[in-house]
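**Q** Quick one: the structure is below, and I'll ask about it shortly.
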Amino acid sequence: MTLDVVIKGGNVVLRDGVYKVDIGIKDEKISCIAENITEDAKEVIDATGQYVMPGMIDTHVHISEPGRTEWEGFETGSKSLAAGGTTSYVEMPLNALPATTNKAALDLKLEAAVDQNYVDYAFYGGLVPGNVDKLKEMSDAGVLAFKCFLSDITSDIPDDFVNVDDFTLYKGMQRLAELDQILCIHAENSAIPSGLAKEFAREGKNSGVEYAESRPIFTEVEAVQRAILIAKETGCKLHLVHISTSEAIQVILKAKREGVDVTVESCPHYFAFTADQVDEIGPRAKCQPPIRKAEDQARLWDELMAGNIDWLTSDHSPCTEDLKQGNIWEAWGGISGAQNNVDLMFDLAVKQRGLPVHKFVELIATHPSERFNISHKGEIAVSKDADIILVDPNQSYTVKREDLYYKNKHSAYEGRQIDCRVTKTIVRGHVVFDLEKGIVGEPVGKLISANR
């Protein structure tokens with residue numbers, strides 16, 4: 001048998017540790033793993049000195065196409081993900097227009113995505129007031145999960161995404177439980193942060209620390225508690241997105257012990273920045289929930305290192321450059337982060353804090369694949385998709401605007417040195433990014449459907 005690709009000489013990250021083995025790829029799958037593969041291969045990749053691990057599955061990405069494609073499109077967004085070591089992603093039901101809140105809008109997304117993606121992709125459906133009767137049609141059409149906001153995201157633009165009220169949340173969870181679907185929730189209290197933001201703006205409080213204080217920790221905790229309480233009542237499977245505080249994670253851990261089917265993610269920016277750095281970076285570092293104070297970040301690191309966070313996502317939330325102008329209240333709230341997930345967190349968690357590499361792989365690939373029933377991805381094992389990245393722990397680089405693949409080349413990470421580097425990204429056996437060549441070839445990404 002002639003293999004398509006053999007990866008030799010690397011430190012391969014398997015479920016239980018790191019091994020010096022070769023990987024053989026045939027017909028887009030991992031066909032063999034052995035100490036020394038001697039079969040002929042069309043291509044041999046030398047991974048000496050590098051970690052070989054499954055590509056990241058980023059379950060929190062905003063693309064904005066169609067309708068707001070000037071913010072980010074499938075081509076540029078997926079190139080950014082590929083360059084950062086992501087091999088699959090799940091796209092949020094906003095900020096495209098129309099929002100993905102019914103099958104007709106989903107069909108527009110599906111059509112727009114064809115032949116544009118350099119990595120594999122899937123979609124969420126949205127839960128908003130008035131669309132509970134649309135959830136089944138989106139579930140039947142193959143969305144991986146659903147998303148709603150508890151925080152205030154009102155809009156006067158037709159077909160834009162808006163937050164749920166408690167009754168919609170309750171009825172939506174009832175229906176999603178019947179459909180055996182996961183509801184992903186942006187968990188922040190709506191009224192209190194909105195009121196504090198107006199109060200602080202009137203008083204001229206515009207610092208990064210004051211922005212964090214306008215969205216206090218207890219407002220995240222309250223929303224998490226409310227979501228969990230309704231999930232208990234309805235039996236709905238729950239996933240809490242971009243959680244920023246230890247206090248909220250402790251509530252989630254308690255719910256897990258009580259039998260609630262709930263998981264939690266966080267994002268690199270909560271581990272990379274503190275609120276007092278936001279003023280220096282500017283509105284590029286504005287997001288919701290906010291970047292927290294140093295002492296709060298330290299407790300979040302404790303949760304990650306203890307294994308209390310299920311996985312990491314980028315929450316890549318791009319926009320045009322003009323929307324990042326003005327003070328902290330006026331600017332768009334979202335960080336462009338799809339290109340700096342793997343290397344940044346490998347540097348911070350593995351190199352600087354000693355997280356075992358196989359535990360790091362659980363955070364970026366294995367756990368999200370298991371939760372979303374993507375059984376053919378998420379680990380290096382025979383018969384799995386050959387979604388593989390090479391990571392060099394001994395390379396350093398500085399994030400530069402001109403190296404970003406985003407449609408709008410701004411990022412909170414500009415100017416930051418990262419002491420680790422993704423050197424190659426392979427999607428189902430196809431090299432889509434190479435550090436020396438950049439993006440390679442034509443888009444090979446395919447639509448993912450959950451194994452229900």
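Residues are named by chain letter and number: chains run A, B, ... in the order of the structure tokens, numbers start at 1 in each chain, and ligands are numbered from 1 in the order shown.
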Using only C-alpha atoms, determine which residues lie at most 9 Å from Gly282 (chain A), disregarding the query and same-chain residues fewer than 6 positions distant; provide the list as number ranges by chain.

**A** A: 208, 324-325, 327-328, 412

**Q** Keeping only N, CA, C and O atoms, write those residues as a PDB file, in the first residue's frame.

**A**
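Writing the result to out.pdb gives the following:
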```
ATOM      1  N   GLY A 208     -10.113  50.593  31.039  1.00  0.00           N
ATOM      2  CA  GLY A 208     -10.351  49.161  30.933  1.00  0.00           C
ATOM      3  C   GLY A 208     -10.821  48.550  32.236  1.00  0.00           C
ATOM      4  O   GLY A 208     -11.681  47.666  32.251  1.00  0.00           O
ATOM      5  N   LYS A 324     -13.967  49.771  15.657  1.00  0.00           N
ATOM      6  CA  LYS A 324     -13.078  49.670  16.815  1.00  0.00           C
ATOM      7  C   LYS A 324     -12.520  51.034  17.238  1.00  0.00           C
ATOM      8  O   LYS A 324     -11.555  51.114  17.992  1.00  0.00           O
ATOM      9  N   GLN A 325     -13.135  52.112  16.730  1.00  0.00           N
ATOM     10  CA  GLN A 325     -12.715  53.454  17.097  1.00  0.00           C
ATOM     11  C   GLN A 325     -13.581  53.979  18.248  1.00  0.00           C
ATOM     12  O   GLN A 325     -14.607  53.417  18.579  1.00  0.00           O
ATOM     13  N   ASN A 327     -14.187  55.558  22.297  1.00  0.00           N
ATOM     14  CA  ASN A 327     -13.848  55.097  23.642  1.00  0.00           C
ATOM     15  C   ASN A 327     -14.407  53.704  23.900  1.00  0.00           C
ATOM     16  O   ASN A 327     -15.031  53.093  23.036  1.00  0.00           O
ATOM     17  N   ILE A 328     -14.191  53.207  25.104  1.00  0.00           N
ATOM     18  CA  ILE A 328     -14.522  51.812  25.427  1.00  0.00           C
ATOM     19  C   ILE A 328     -16.017  51.538  25.315  1.00  0.00           C
ATOM     20  O   ILE A 328     -16.441  50.413  25.062  1.00  0.00           O
ATOM     21  N   ALA A 412      -6.145  42.254  19.100  1.00  0.00           N
ATOM     22  CA  ALA A 412      -5.610  42.637  20.412  1.00  0.00           C
ATOM     23  C   ALA A 412      -4.212  42.083  20.643  1.00  0.00           C
ATOM     24  O   ALA A 412      -3.481  42.567  21.511  1.00  0.00           O
TER      25      ALA A 412
END
```

**Q** Find the spatial neighbours of region 148-164 of chain A, counting only C-alpha atoms, within a cut-off of 8 Å - ignore same-chain residues fewer than 2 positions away - and output them as a list in words.

**A**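 Neighbouring residues, sequence-local ones excluded: Pro93, Leu94, Asn95, Ala96, Leu97, Pro98, Ala99, Gly126, Leu127, Val128, Pro129, Phe146, Asp166, Phe167, Thr168, Leu169, Leu183, Cys184, Ile185, His186, Ala187, Glu188, Asn189, Ser190, Ala191, Ser194 and Ala223 of chain A.
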
**Q** For region 245-250 of chain A, please output as a ChimeraX atom specification all residues within 6 Å (counting only C-alpha atoms; exclusion window: fewer than 4 positions along the same chain).

**A** /A:221,299-300

**Q** Hey, can you check how far CA of Ala177 (chain A) sits from CA of Thr234 (chain A)?

**A**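 Atom-to-atom, CA of Ala177 (chain A) and CA of Thr234 (chain A) are spaced 6.8 Å apart.
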
**Q** Which residues are close to Glu28 (chain A), i.e. within 10 Å by only C-alpha atoms, leaving aside same-chain residues fewer than 5 positions away? Reply as a PyMOL selection string.

**A** chain A and resi 4-5+383-387+426-430

**Q** Using only C-alpha atoms, which of the listed residues (A:Asp46, A:Asp310, A:Glu414, A:Glu295) sits closest to Gly10 (chain A)?

**A**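 For Gly10 (chain A), the nearest of the given residues is A:Asp46.
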
**Q** Among region 94-244 of chain A, which ones does DSSP place in strand (DSSP E), written as a list of chain:residue names?

**A**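 Of region 94-244 of chain A, the ones in strand (DSSP E) are A:Asp120, A:Tyr121, A:Ala122, A:Phe123, A:Tyr124, A:Gly125, A:Gly126, A:Ala145, A:Phe146, A:Lys147, A:Cys148, A:Phe149, A:Ile182, A:Leu183, A:Cys184, A:Ile185, A:His186, A:Lys237, A:Leu238, A:His239, A:Leu240.
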
**Q** For the selection just defined, write its residues with C-alpha atoms to a file, as a tab-separated table (two decimals), in the first residue's frame.

**A**
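So the final result, stored in selection_20.tsv, reads:
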```tsv
chain	number	residue	atom	x	y	z
A	120	ASP	CA	-13.95	21.85	8.04
A	121	TYR	CA	-16.96	23.68	9.40
A	122	ALA	CA	-20.39	23.37	10.99
A	123	PHE	CA	-23.13	25.75	12.08
A	124	TYR	CA	-25.18	26.71	15.12
A	125	GLY	CA	-28.82	27.62	15.10
A	126	GLY	CA	-29.99	30.58	17.15
A	145	ALA	CA	-26.05	22.96	18.58
A	146	PHE	CA	-27.95	26.15	19.41
A	147	LYS	CA	-26.95	29.51	20.87
A	148	CYS	CA	-28.69	32.26	22.79
A	149	PHE	CA	-27.75	35.43	24.66
A	182	ILE	CA	-27.27	21.39	23.32
A	183	LEU	CA	-28.01	25.02	24.12
A	184	CYS	CA	-24.93	27.24	24.30
A	185	ILE	CA	-25.45	30.37	26.36
A	186	HIS	CA	-23.76	33.74	26.60
A	237	LYS	CA	-28.13	19.92	27.76
A	238	LEU	CA	-26.20	23.09	28.46
A	239	HIS	CA	-22.89	24.62	27.43
A	240	LEU	CA	-21.70	27.92	28.91
```

**Q** As an exercise, work out the distance from CA of Lys254 (chain A) to CA of His316 (chain A) in Å and give it to one decimal place.

**A**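 So the two atoms, CA of Lys254 (chain A) and CA of His316 (chain A), lie 28.9 Å apart.
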
**Q** So, counting only C-alpha atoms, which residue among A:Lys103, A:Lys109, A:Lys8, A:His269 is closest to Gly24 (chain A)?

**A**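 Result for the nearest residue to Gly24 (chain A): A:Lys8.
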
**Q** In Å to one decimal, how far is CA of Val90 (chain A) from CA of Trp329 (chain A)?

**A**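 Distance between the two atoms: 28.7 Å.
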
**Q** Point out the residue among A:Ala47, A:Val278, A:Val391, A:Val431 with the least atom-to-atom distance to Tyr413 (chain A), counting only C-alpha atoms.

**A** A:Val278

**Q** Nearest to Leu355 (chain A): which of A:Asp115, A:Asp403, A:Asp302, A:Glu379 is it, counting only C-alpha atoms?

**A**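 Under the stated criterion, the closest residue is A:Asp302.
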